[in-house]
$ cat input15.cif   # mmCIF, C-alpha atoms
data_my_file
loop_
_atom_site.group_PDB
_atom_site.id
_atom_site.type_symbol
_atom_site.label_atom_id
_atom_site.label_comp_id
_atom_site.auth_asym_id
_atom_site.auth_seq_id
_atom_site.Cartn_x
_atom_site.Cartn_y
_atom_site.Cartn_z
ATOM 1 C CA MET A 1 -16.638 -10.068 23.315
ATOM 2 C CA THR A 2 -14.545 -8.043 20.869
ATOM 3 C CA GLN A 3 -12.242 -5.608 22.557
ATOM 4 C CA PRO A 4 -12.903 -1.919 21.796
ATOM 5 C CA THR A 5 -9.245 -1.404 20.845
ATOM 6 C CA LEU A 6 -9.431 -4.112 18.228
ATOM 7 C CA ASN A 7 -12.678 -2.692 16.886
ATOM 8 C CA THR A 8 -11.137 0.762 16.544
ATOM 9 C CA GLN A 9 -8.102 -0.568 14.719
ATOM 10 C CA GLY A 10 -10.284 -2.730 12.497
ATOM 11 C CA LEU A 11 -12.554 0.184 11.628
ATOM 12 C CA MET A 12 -9.621 2.436 10.727
ATOM 13 C CA ALA A 13 -8.090 -0.332 8.620
ATOM 14 C CA ALA A 14 -11.395 -0.958 6.796
ATOM 15 C CA LEU A 15 -11.834 2.768 6.106
ATOM 16 C CA CYS A 16 -8.309 2.952 4.708
ATOM 17 C CA ALA A 17 -9.023 -0.064 2.476
ATOM 18 C CA ALA A 18 -12.253 1.476 1.140
ATOM 19 C CA ALA A 19 -10.518 4.791 0.439
ATOM 20 C CA THR A 20 -7.495 3.365 -1.363
ATOM 21 C CA TRP A 21 -9.489 0.768 -3.302
ATOM 22 C CA GLY A 22 -11.617 3.671 -4.516
ATOM 23 C CA MET A 23 -8.669 4.772 -6.688
ATOM 24 C CA VAL A 24 -8.441 1.507 -8.650
ATOM 25 C CA GLY A 25 -10.804 2.514 -11.447
ATOM 26 C CA VAL A 26 -8.879 5.722 -12.173
ATOM 27 C CA PHE A 27 -5.518 3.921 -12.247
ATOM 28 C CA VAL A 28 -6.798 1.124 -14.507
ATOM 29 C CA ARG A 29 -8.300 3.601 -16.969
ATOM 30 C CA TRP A 30 -4.893 5.328 -17.154
ATOM 31 C CA LEU A 31 -3.466 2.137 -18.716
ATOM 32 C CA PRO A 32 -5.254 2.013 -22.090
ATOM 33 C CA GLY A 33 -4.337 -0.892 -24.322
ATOM 34 C CA TRP A 34 -3.217 -3.040 -21.395
ATOM 35 C CA SER A 35 -4.867 -6.419 -20.997
ATOM 36 C CA ALA A 36 -6.300 -7.385 -17.622
ATOM 37 C CA PHE A 37 -3.455 -9.861 -17.057
ATOM 38 C CA ALA A 38 -0.829 -7.240 -17.925
ATOM 39 C CA VAL A 39 -2.381 -4.790 -15.455
ATOM 40 C CA LEU A 40 -2.556 -7.498 -12.796
ATOM 41 C CA ALA A 41 1.045 -8.562 -13.376
ATOM 42 C CA GLY A 42 2.174 -4.963 -13.005
ATOM 43 C CA ARG A 43 0.181 -4.170 -9.869
ATOM 44 C CA PHE A 44 1.049 -7.468 -8.158
ATOM 45 C CA LEU A 45 4.753 -7.142 -9.014
ATOM 46 C CA VAL A 46 4.934 -3.593 -7.663
ATOM 47 C CA ALA A 47 3.091 -4.621 -4.501
ATOM 48 C CA THR A 48 5.445 -7.577 -3.967
ATOM 49 C CA VAL A 49 8.580 -5.463 -4.469
ATOM 50 C CA ALA A 50 7.196 -2.777 -2.141
ATOM 51 C CA MET A 51 6.912 -5.331 0.685
ATOM 52 C CA LEU A 52 10.346 -6.906 0.188
ATOM 53 C CA PRO A 53 12.191 -4.342 2.367
ATOM 54 C CA ILE A 54 9.962 -5.292 5.306
ATOM 55 C CA LEU A 55 10.914 -8.946 4.931
ATOM 56 C CA PHE A 56 14.616 -8.197 4.541
ATOM 57 C CA LEU A 57 14.840 -5.666 7.373
ATOM 58 C CA ALA A 58 12.686 -7.603 9.856
ATOM 59 C CA PRO A 59 14.027 -11.142 10.376
ATOM 60 C CA SER A 60 11.124 -12.015 12.687
ATOM 61 C CA VAL A 61 8.628 -11.197 9.930
ATOM 62 C CA ARG A 62 10.617 -13.264 7.438
ATOM 63 C CA HIS A 63 10.816 -16.275 9.752
ATOM 64 C CA ASP A 64 7.082 -16.026 10.512
ATOM 65 C CA LEU A 65 6.321 -15.973 6.788
ATOM 66 C CA ILE A 66 8.373 -19.127 6.251
ATOM 67 C CA ARG A 67 6.486 -20.849 9.081
ATOM 68 C CA SER A 68 3.137 -19.715 7.653
ATOM 69 C CA LEU A 69 3.966 -21.211 4.262
ATOM 70 C CA ARG A 70 3.979 -24.643 5.905
ATOM 71 C CA THR A 71 0.329 -24.257 6.953
ATOM 72 C CA SER A 72 -2.780 -24.552 4.784
ATOM 73 C CA PRO A 73 -4.776 -21.421 5.864
ATOM 74 C CA ILE A 74 -2.445 -18.960 4.111
ATOM 75 C CA TRP A 75 -2.726 -20.878 0.841
ATOM 76 C CA TRP A 76 -6.514 -21.151 1.087
ATOM 77 C CA LEU A 77 -6.814 -17.415 1.767
ATOM 78 C CA SER A 78 -4.712 -16.491 -1.243
ATOM 79 C CA LEU A 79 -7.113 -18.222 -3.651
ATOM 80 C CA PRO A 80 -10.216 -15.993 -3.260
ATOM 81 C CA ALA A 81 -7.960 -12.948 -2.922
ATOM 82 C CA ILE A 82 -6.277 -13.548 -6.284
ATOM 83 C CA GLY A 83 -9.632 -14.448 -7.817
ATOM 84 C CA GLY A 84 -11.170 -11.197 -6.592
ATOM 85 C CA TYR A 85 -8.348 -9.124 -8.079
ATOM 86 C CA VAL A 86 -8.513 -10.935 -11.427
ATOM 87 C CA LEU A 87 -12.286 -10.575 -11.721
ATOM 88 C CA GLY A 88 -12.358 -6.983 -10.465
ATOM 89 C CA THR A 89 -9.561 -5.706 -12.725
ATOM 90 C CA THR A 90 -11.130 -7.349 -15.783
ATOM 91 C CA ALA A 91 -14.528 -5.893 -14.895
ATOM 92 C CA PHE A 92 -13.116 -2.340 -14.813
ATOM 93 C CA GLN A 93 -11.924 -2.790 -18.395
ATOM 94 C CA LEU A 94 -15.286 -4.040 -19.666
ATOM 95 C CA ALA A 95 -17.866 -1.864 -17.899
ATOM 96 C CA PRO A 96 -18.127 1.727 -16.614
ATOM 97 C CA VAL A 97 -16.149 2.453 -13.440
ATOM 98 C CA GLY A 98 -19.144 3.655 -11.416
ATOM 99 C CA GLU A 99 -21.234 0.585 -12.105
ATOM 100 C CA VAL A 100 -18.369 -1.842 -11.473
ATOM 101 C CA THR A 101 -17.529 -0.063 -8.210
ATOM 102 C CA LEU A 102 -21.123 -0.391 -7.043
ATOM 103 C CA LEU A 103 -21.355 -4.094 -7.899
ATOM 104 C CA PHE A 104 -17.959 -4.750 -6.329
ATOM 105 C CA THR A 105 -19.250 -3.425 -3.001
ATOM 106 C CA THR A 106 -22.139 -5.920 -2.849
ATOM 107 C CA SER A 107 -20.056 -8.435 -0.859
ATOM 108 C CA PRO A 108 -22.142 -7.799 2.314
ATOM 109 C CA LEU A 109 -25.158 -9.221 0.498
ATOM 110 C CA PHE A 110 -23.237 -12.456 -0.080
ATOM 111 C CA ILE A 111 -22.427 -12.553 3.645
ATOM 112 C CA ILE A 112 -26.086 -12.122 4.619
ATOM 113 C CA ALA A 113 -27.150 -14.691 2.009
ATOM 114 C CA TYR A 114 -24.645 -17.125 3.513
ATOM 115 C CA LYS A 115 -26.104 -16.507 6.968
ATOM 116 C CA TYR A 116 -29.570 -17.303 5.680
ATOM 117 C CA VAL A 117 -28.384 -20.464 3.932
ATOM 118 C CA VAL A 118 -26.631 -21.848 7.030
ATOM 119 C CA ARG A 119 -29.495 -20.575 9.248
ATOM 120 C CA LEU A 120 -27.477 -18.083 11.236
ATOM 121 C CA HIS A 121 -29.524 -15.369 12.892
ATOM 122 C CA VAL A 122 -29.532 -11.996 11.108
ATOM 123 C CA LYS A 123 -30.390 -9.057 13.355
ATOM 124 C CA ARG A 124 -32.951 -6.518 12.170
ATOM 125 C CA SER A 125 -30.392 -3.711 12.592
ATOM 126 C CA GLU A 126 -28.052 -5.593 10.238
ATOM 127 C CA GLY A 127 -30.663 -5.922 7.514
ATOM 128 C CA PHE A 128 -31.892 -2.328 7.945
ATOM 129 C CA GLY A 129 -28.385 -0.918 7.932
ATOM 130 C CA MET A 130 -27.426 -2.953 4.878
ATOM 131 C CA LEU A 131 -30.512 -1.759 2.978
ATOM 132 C CA LEU A 132 -29.710 1.868 3.794
ATOM 133 C CA ALA A 133 -26.042 1.531 2.859
ATOM 134 C CA MET A 134 -26.805 -0.229 -0.439
ATOM 135 C CA THR A 135 -29.401 2.424 -1.291
ATOM 136 C CA GLY A 136 -26.870 5.140 -0.539
ATOM 137 C CA ALA A 137 -24.162 3.486 -2.651
ATOM 138 C CA SER A 138 -26.641 3.196 -5.527
ATOM 139 C CA ALA A 139 -27.539 6.882 -5.205
ATOM 140 C CA ILE A 140 -23.861 7.884 -5.347
ATOM 141 C CA VAL A 141 -23.292 6.189 -8.705
ATOM 142 C CA LEU A 142 -26.778 7.004 -10.066
ATOM 143 C CA PRO A 143 -25.523 9.905 -12.241
ATOM 144 C CA GLN A 144 -22.877 7.583 -13.735
ATOM 145 C CA LEU A 145 -25.309 4.834 -14.725
ATOM 146 C CA SER A 146 -25.388 4.455 -18.491
ATOM 147 C CA THR A 147 -29.145 4.596 -18.997
ATOM 148 C CA ASP A 148 -28.821 6.168 -22.421
ATOM 149 C CA ARG A 149 -27.061 3.245 -24.065
ATOM 150 C CA ALA A 150 -27.784 -0.383 -24.792
ATOM 151 C CA VAL A 151 -25.970 -2.831 -22.573
ATOM 152 C CA SER A 152 -23.423 -4.755 -24.653
ATOM 153 C CA TRP A 153 -22.329 -8.296 -24.008
ATOM 154 C CA ALA A 154 -18.940 -6.994 -22.863
ATOM 155 C CA THR A 155 -20.598 -4.676 -20.352
ATOM 156 C CA LEU A 156 -22.829 -7.487 -19.109
ATOM 157 C CA ALA A 157 -19.740 -9.668 -18.693
ATOM 158 C CA GLY A 158 -18.155 -6.845 -16.699
ATOM 159 C CA TYR A 159 -21.183 -6.764 -14.388
ATOM 160 C CA LEU A 160 -20.979 -10.512 -13.791
ATOM 161 C CA LEU A 161 -17.230 -10.360 -13.163
ATOM 162 C CA ALA A 162 -17.732 -7.530 -10.657
ATOM 163 C CA LEU A 163 -20.312 -9.633 -8.809
ATOM 164 C CA GLY A 164 -17.858 -12.527 -8.867
ATOM 165 C CA ALA A 165 -15.197 -10.274 -7.353
ATOM 166 C CA ALA A 166 -17.628 -9.257 -4.606
ATOM 167 C CA GLY A 167 -18.348 -12.915 -3.898
ATOM 168 C CA SER A 168 -14.617 -13.636 -3.695
ATOM 169 C CA ILE A 169 -14.169 -10.850 -1.143
ATOM 170 C CA ALA A 170 -17.033 -12.317 0.895
ATOM 171 C CA ILE A 171 -15.426 -15.775 0.853
ATOM 172 C CA TYR A 172 -12.064 -14.306 1.862
ATOM 173 C CA THR A 173 -13.656 -12.427 4.766
ATOM 174 C CA LEU A 174 -15.578 -15.460 5.996
ATOM 175 C CA TRP A 175 -12.533 -17.712 5.841
ATOM 176 C CA PHE A 176 -10.200 -15.239 7.529
ATOM 177 C CA ASN A 177 -12.732 -14.593 10.280
ATOM 178 C CA ALA A 178 -13.159 -18.335 10.826
ATOM 179 C CA PHE A 179 -9.392 -18.904 10.976
ATOM 180 C CA ALA A 180 -9.032 -16.005 13.415
ATOM 181 C CA GLN A 181 -11.681 -17.470 15.727
ATOM 182 C CA GLN A 182 -9.748 -20.761 15.704
ATOM 183 C CA ASN A 183 -6.471 -18.888 16.385
ATOM 184 C CA ILE A 184 -4.871 -20.315 13.241
ATOM 185 C CA ALA A 185 -5.074 -17.219 11.033
ATOM 186 C CA PRO A 186 -1.741 -16.191 9.482
ATOM 187 C CA LYS A 187 -0.462 -12.662 9.964
ATOM 188 C CA SER A 188 -1.908 -10.093 7.609
ATOM 189 C CA ILE A 189 1.367 -9.186 5.898
ATOM 190 C CA ASN A 190 2.093 -12.865 5.203
ATOM 191 C CA VAL A 191 -1.221 -13.330 3.393
ATOM 192 C CA VAL A 192 -0.754 -10.135 1.396
ATOM 193 C CA PHE A 193 2.813 -10.979 0.371
ATOM 194 C CA LEU A 194 1.987 -14.530 -0.725
ATOM 195 C CA THR A 195 -1.105 -13.377 -2.626
ATOM 196 C CA CYS A 196 0.810 -10.663 -4.475
ATOM 197 C CA LEU A 197 3.749 -12.979 -5.213
ATOM 198 C CA LEU A 198 1.534 -15.763 -6.572
ATOM 199 C CA GLY A 199 -0.646 -13.227 -8.367
ATOM 200 C CA SER A 200 2.321 -11.633 -10.131
ATOM 201 C CA ILE A 201 3.651 -15.024 -11.294
ATOM 202 C CA LEU A 202 0.293 -16.329 -12.504
ATOM 203 C CA SER A 203 -0.683 -13.019 -14.151
ATOM 204 C CA PHE A 204 2.668 -12.757 -15.941
ATOM 205 C CA LEU A 205 2.306 -16.288 -17.291
ATOM 206 C CA CYS A 206 -1.248 -15.575 -18.469
ATOM 207 C CA ALA A 207 -0.154 -12.279 -20.062
ATOM 208 C CA VAL A 208 2.539 -14.156 -22.021
ATOM 209 C CA LEU A 209 0.305 -17.097 -22.980
ATOM 210 C CA PHE A 210 -2.715 -14.920 -23.878
ATOM 211 C CA PRO A 211 -1.287 -11.659 -25.258
ATOM 212 C CA ALA A 212 -4.060 -9.119 -25.718
ATOM 213 C CA SER A 213 -2.315 -5.832 -24.970
ATOM 214 C CA ILE A 214 -2.137 -3.243 -27.734
ATOM 215 C CA GLY A 215 0.763 -0.847 -28.136
ATOM 216 C CA ILE A 216 2.123 -0.978 -24.582
ATOM 217 C CA GLU A 217 4.754 1.698 -23.968
ATOM 218 C CA ILE A 218 6.606 1.918 -20.668
ATOM 219 C CA ASP A 219 7.204 5.590 -20.012
ATOM 220 C CA ARG A 220 7.384 7.753 -16.904
ATOM 221 C CA GLN A 221 3.615 8.148 -16.624
ATOM 222 C CA VAL A 222 3.011 4.403 -16.905
ATOM 223 C CA ILE A 223 5.617 3.720 -14.226
ATOM 224 C CA LEU A 224 3.985 6.234 -11.882
ATOM 225 C CA VAL A 225 0.539 4.746 -12.531
ATOM 226 C CA LEU A 226 1.811 1.215 -11.840
ATOM 227 C CA LEU A 227 3.513 2.397 -8.637
ATOM 228 C CA GLY A 228 0.291 4.028 -7.471
ATOM 229 C CA LEU A 229 -1.814 1.043 -8.482
ATOM 230 C CA GLY A 230 0.534 -1.490 -6.898
ATOM 231 C CA ILE A 231 1.256 0.319 -3.635
ATOM 232 C CA PHE A 232 -1.754 2.517 -2.871
ATOM 233 C CA SER A 233 -4.501 0.438 -4.509
ATOM 234 C CA THR A 234 -3.192 -3.112 -4.026
ATOM 235 C CA ALA A 235 -0.698 -3.712 -1.201
ATOM 236 C CA LEU A 236 -1.972 -1.041 1.208
ATOM 237 C CA PRO A 237 -5.751 -1.668 0.922
ATOM 238 C CA PHE A 238 -5.324 -5.450 0.875
ATOM 239 C CA LEU A 239 -3.189 -5.306 4.022
ATOM 240 C CA CYS A 240 -5.676 -2.976 5.716
ATOM 241 C CA TYR A 241 -8.672 -5.085 4.736
ATOM 242 C CA THR A 242 -6.980 -8.243 5.965
ATOM 243 C CA VAL A 243 -6.512 -6.565 9.358
ATOM 244 C CA ALA A 244 -10.177 -5.497 9.318
ATOM 245 C CA ALA A 245 -11.386 -9.002 8.376
ATOM 246 C CA GLN A 246 -9.511 -10.369 11.375
ATOM 247 C CA ARG A 247 -10.806 -7.830 13.907
ATOM 248 C CA LEU A 248 -14.350 -6.959 12.802
ATOM 249 C CA PRO A 249 -17.577 -8.948 12.384
ATOM 250 C CA VAL A 250 -17.858 -10.180 8.804
ATOM 251 C CA VAL A 251 -20.934 -8.091 7.962
ATOM 252 C CA LEU A 252 -19.366 -4.875 9.232
ATOM 253 C CA ALA A 253 -16.011 -5.569 7.548
ATOM 254 C CA THR A 254 -17.655 -5.987 4.156
ATOM 255 C CA ALA A 255 -20.262 -3.255 4.698
ATOM 256 C CA ILE A 256 -17.593 -0.589 5.145
ATOM 257 C CA LEU A 257 -16.561 -1.267 1.544
ATOM 258 C CA LEU A 258 -19.835 0.432 0.593
ATOM 259 C CA LEU A 259 -17.935 3.661 1.223
ATOM 260 C CA GLU A 260 -15.798 2.859 -1.817
ATOM 261 C CA PRO A 261 -18.146 4.523 -4.358
ATOM 262 C CA MET A 262 -18.068 7.676 -2.243
ATOM 263 C CA PHE A 263 -14.276 7.756 -2.271
ATOM 264 C CA ALA A 264 -14.237 6.902 -5.996
ATOM 265 C CA VAL A 265 -16.426 9.926 -6.779
ATOM 266 C CA LEU A 266 -14.263 12.144 -4.555
ATOM 267 C CA PHE A 267 -11.082 11.046 -6.323
ATOM 268 C CA ALA A 268 -12.731 11.538 -9.710
ATOM 269 C CA SER A 269 -13.751 15.071 -8.714
ATOM 270 C CA VAL A 270 -10.168 15.902 -7.725
ATOM 271 C CA VAL A 271 -8.248 14.076 -10.459
ATOM 272 C CA LEU A 272 -10.706 14.319 -13.340
ATOM 273 C CA GLN A 273 -12.351 17.593 -12.256
ATOM 274 C CA GLU A 274 -15.785 15.974 -12.170
ATOM 275 C CA ILE A 275 -18.136 17.904 -9.861
ATOM 276 C CA PRO A 276 -20.260 15.552 -7.670
ATOM 277 C CA SER A 277 -24.020 15.837 -8.032
ATOM 278 C CA LEU A 278 -26.618 16.278 -5.319
ATOM 279 C CA TRP A 279 -27.058 12.503 -5.311
ATOM 280 C CA PHE A 280 -23.538 12.201 -3.919
ATOM 281 C CA GLY A 281 -24.482 14.032 -0.726
ATOM 282 C CA ILE A 282 -27.743 12.109 -0.325
ATOM 283 C CA GLY A 283 -26.089 8.767 -0.985
ATOM 284 C CA SER A 284 -23.175 9.472 1.376
ATOM 285 C CA ALA A 285 -25.579 10.313 4.202
ATOM 286 C CA LEU A 286 -27.491 7.056 3.653
ATOM 287 C CA VAL A 287 -24.275 5.018 3.567
ATOM 288 C CA PHE A 288 -23.069 6.549 6.834
ATOM 289 C CA TRP A 289 -26.479 5.994 8.453
ATOM 290 C CA GLY A 290 -26.507 2.371 7.367
ATOM 291 C CA LEU A 291 -22.959 1.752 8.583
ATOM 292 C CA LEU A 292 -23.749 3.319 11.945
ATOM 293 C CA SER A 293 -26.717 0.966 12.288
ATOM 294 C CA ILE A 294 -24.559 -2.062 11.448
ATOM 295 C CA ALA A 295 -21.714 -0.862 13.691
ATOM 296 C CA GLY A 296 -24.159 -0.358 16.546
ATOM 297 C CA PHE A 297 -25.109 -4.012 16.176
ATOM 298 C CA ALA A 298 -21.471 -5.112 16.013
ATOM 299 C CA PHE A 299 -20.337 -3.278 19.142
ATOM 300 C CA LYS A 300 -23.018 -5.005 21.213
ATOM 301 C CA TRP A 301 -21.110 -8.242 20.971
#
$ encode --input "input15.cif" --output "structure tokens"
Amino acid sequence: MTQPTLNTQGLMAALCAAATWGMVGVFVRWLPGWSAFAVLAGRFLVATVAMLPILFLAPSVRHDLIRSLRTSPIWWLSLPAIGGYVLGTTAFQLAPVGEVTLLFTTSPLFIIAYKYVVRLHVKRSEGFGMLLAMTGASAIVLPQLSTDRAVSWATLAGYLLALGAAGSIAIYTLWFNAFAQQNIAPKSINVVFLTCLLGSILSFLCAVLFPASIGIEIDRQVILVLLGLGIFSTALPFLCYTVAAQRLPVVLATAILLLEPMFAVLFASVVLQEIPSLWFGIGSALVFWGLLSIAGFAFKW
């Protein structure tokens, strides 16, 4: 049985991840002319540098990281994490933010599909809650859907990349949950640091080998955007979600990400002065109802 304390901490961590990941689209759009690899290199580098003081000031954390690097789970976990960031960042540059955000939050569907494939039992409350939450997330981004334009090949590619990012998040959650049940899961900060370090190196190499950025200028605004993207929309949400994946059932951990469109619309209304429509209120209520149904299932275990 999962301890209530762990559930509470996991829920708070998942909510924090959904909220801070909801800012990604705004940050990425504030870097026009930057290729996906350049954006990734910047956000990963900032996230890595932001975590360095923790490693230097806490010898126990540093020693634990060195021990973790000698085990395979931390390396396996970094693969889908980096893949999810690469696919998601590229998708935001190819397709509208609202649509990418919605598709990115479909990772719970991959979890349920996996349960069906391996013949694990899916409770009715899980399926009902997931249907409600997905309907609510769709309603939130409904006003942003580009129904008045033809879908280009680039936009279609963005959709597919967003679905790939959602699948990567599902794989990461399943693996971390499995490692945690076997008591071999690395500490959250170790996974985040290694992922950001490897991601910054690989993204920098790809940005150099495949230059596609146009007229990049590093000024004060760009530095602030990269700091926000790297700290508040990369290191912090990834660390929080890793904690949630370790302490919550896989369906609930991924389902809470369905709150991300709600936070994305809220941030857009504050930063971009976009007033939410009536659909936002309806969709938010459905998302909360669905999550409560799924959470009610989870707390029975």
$ closest_residue --input "input15.cif" --among "A:Ile111, A:Met23, A:Ala58, A:Ala14" --to "Val270 in chain A" --atoms "all atoms listed in the file"
A:Met23
$ closest_residue --input "input15.cif" --among "A:Phe27, A:Phe110, A:Trp289, A:Trp75" --to "Gly129 in chain A" --atoms "all atoms listed in the file"
A:Trp289
$ residues_around --input "input15.cif" --residues "Ile189 in chain A" --least-positions-apart "5" --cutoff "10 Å" --atoms "only C-alpha atoms" --output "PyMOL selection string"
chain A and resi 51+54-55+61+65+194-195+235-236+238-240+242-243
$ closest_residue --input "input15.cif" --among "A:Ala41, A:Ile171, A:Ala13, A:Ile82" --to "Gly230 in chain A" --atoms "only C-alpha atoms"
A:Ala41
$ closest_residue --input "input15.cif" --among "A:Pro32, A:Gly136, A:Gly167, A:Pro237" --to "Tyr114 in chain A" --atoms "all atoms listed in the file"
A:Gly167
$ residues_around --input "input15.cif" --residues "Leu227 in chain A" --least-positions-apart "5" --cutoff "8 Å" --atoms "only C-alpha atoms" --output "ChimeraX atom specification"
/A:43,46,232
$ axis_aligned_box --input "input15.cif" --around "range 233-250 of chain A" --padding-each-side "3 Å" --output "JSON"
{"center_x": -9.3, "center_y": -5.0, "center_z": 4.7, "size_x": 23.2, "size_y": 16.8, "size_z": 24.4}
$ resolve_selection --input "input15.cif" --expression "the PyMOL selection byres ((chain A and resi 176) around 8)" --output "list in words"
Leu77, Tyr172, Thr173, Leu174, Trp175, Asn177, Ala178, Phe179, Ala180, Ala185, Thr242, Ala245 and Gln246 of chain A
$ write_last_selection --input "input15.cif" --atoms "C-alpha atoms" --output "PDB file, keeping the file's coordinate frame"
ATOM      1  CA  LEU A  77      -6.814 -17.415   1.767  1.00  0.00           C
ATOM      2  CA  TYR A 172     -12.064 -14.306   1.862  1.00  0.00           C
ATOM      3  CA  THR A 173     -13.656 -12.427   4.766  1.00  0.00           C
ATOM      4  CA  LEU A 174     -15.578 -15.460   5.996  1.00  0.00           C
ATOM      5  CA  TRP A 175     -12.533 -17.712   5.841  1.00  0.00           C
ATOM      6  CA  ASN A 177     -12.732 -14.593  10.280  1.00  0.00           C
ATOM      7  CA  ALA A 178     -13.159 -18.335  10.826  1.00  0.00           C
ATOM      8  CA  PHE A 179      -9.392 -18.904  10.976  1.00  0.00           C
ATOM      9  CA  ALA A 180      -9.032 -16.005  13.415  1.00  0.00           C
ATOM     10  CA  ALA A 185      -5.074 -17.219  11.033  1.00  0.00           C
ATOM     11  CA  THR A 242      -6.980  -8.243   5.965  1.00  0.00           C
ATOM     12  CA  ALA A 245     -11.386  -9.002   8.376  1.00  0.00           C
ATOM     13  CA  GLN A 246      -9.511 -10.369  11.375  1.00  0.00           C
TER      14      GLN A 246
END
$ atom_distance --input "input15.cif" --atom1 "CA of Phe104 in chain A" --atom2 "CA of Leu257 in chain A"
8.7 Å
$ closest_residue --input "input15.cif" --among "A:Tyr159, A:Phe267, A:Tyr241, A:Phe288" --to "Gly10 in chain A" --atoms "only C-alpha atoms"
A:Tyr241
$ closest_residue --input "input15.cif" --among "A:Leu266, A:Ala47, A:Ala255, A:Val100" --to "Met134 in chain A" --atoms "only C-alpha atoms"
A:Ala255
$ residues_around --input "input15.cif" --residues "Leu109 in chain A" --least-positions-apart "3" --cutoff "12 Å" --atoms "all atoms listed in the file" --output "VMD selection string"
chain A and resid 103 to 106 112 to 116 122 126 to 127 129 to 131 133 to 134 163 166 to 167 169 to 171 250 to 252 254 to 255 257 to 258
$ resolve_selection --input "input15.cif" --expression "the PyMOL selection byres ((chain A and resi 186) around 8)" --output "list of chain:residue names"
A:Ser68, A:Pro73, A:Ile74, A:Ile184, A:Ala185, A:Lys187, A:Ser188, A:Asn190, A:Val191
$ atom_distance --input "input15.cif" --atom1 "CA of Ile218 in chain A" --atom2 "CA of Leu31 in chain A"
10.3 Å
$ residues_around --input "input15.cif" --residues "range 83-95 of chain A" --least-positions-apart "3" --cutoff "6 Å" --atoms "only C-alpha atoms" --output "CSV table (one decimal) with C-alpha atoms, in the frame of the given file"
chain,number,residue,atom,x,y,z
A,36,ALA,CA,-6.3,-7.4,-17.6
A,80,PRO,CA,-10.2,-16.0,-3.3
A,154,ALA,CA,-18.9,-7.0,-22.9
A,155,THR,CA,-20.6,-4.7,-20.4
A,158,GLY,CA,-18.2,-6.8,-16.7
A,161,LEU,CA,-17.2,-10.4,-13.2
A,162,ALA,CA,-17.7,-7.5,-10.7
A,165,ALA,CA,-15.2,-10.3,-7.4
A,168,SER,CA,-14.6,-13.6,-3.7
$ resolve_selection --input "input15.cif" --expression "the PyMOL selection byres ((chain A and resi 25) around 8)" --output "list in words"
Gly22, Met23, Val24, Val26, Phe27, Val28, Arg29, Phe92, Val97, Thr101 and Ala264 of chain A
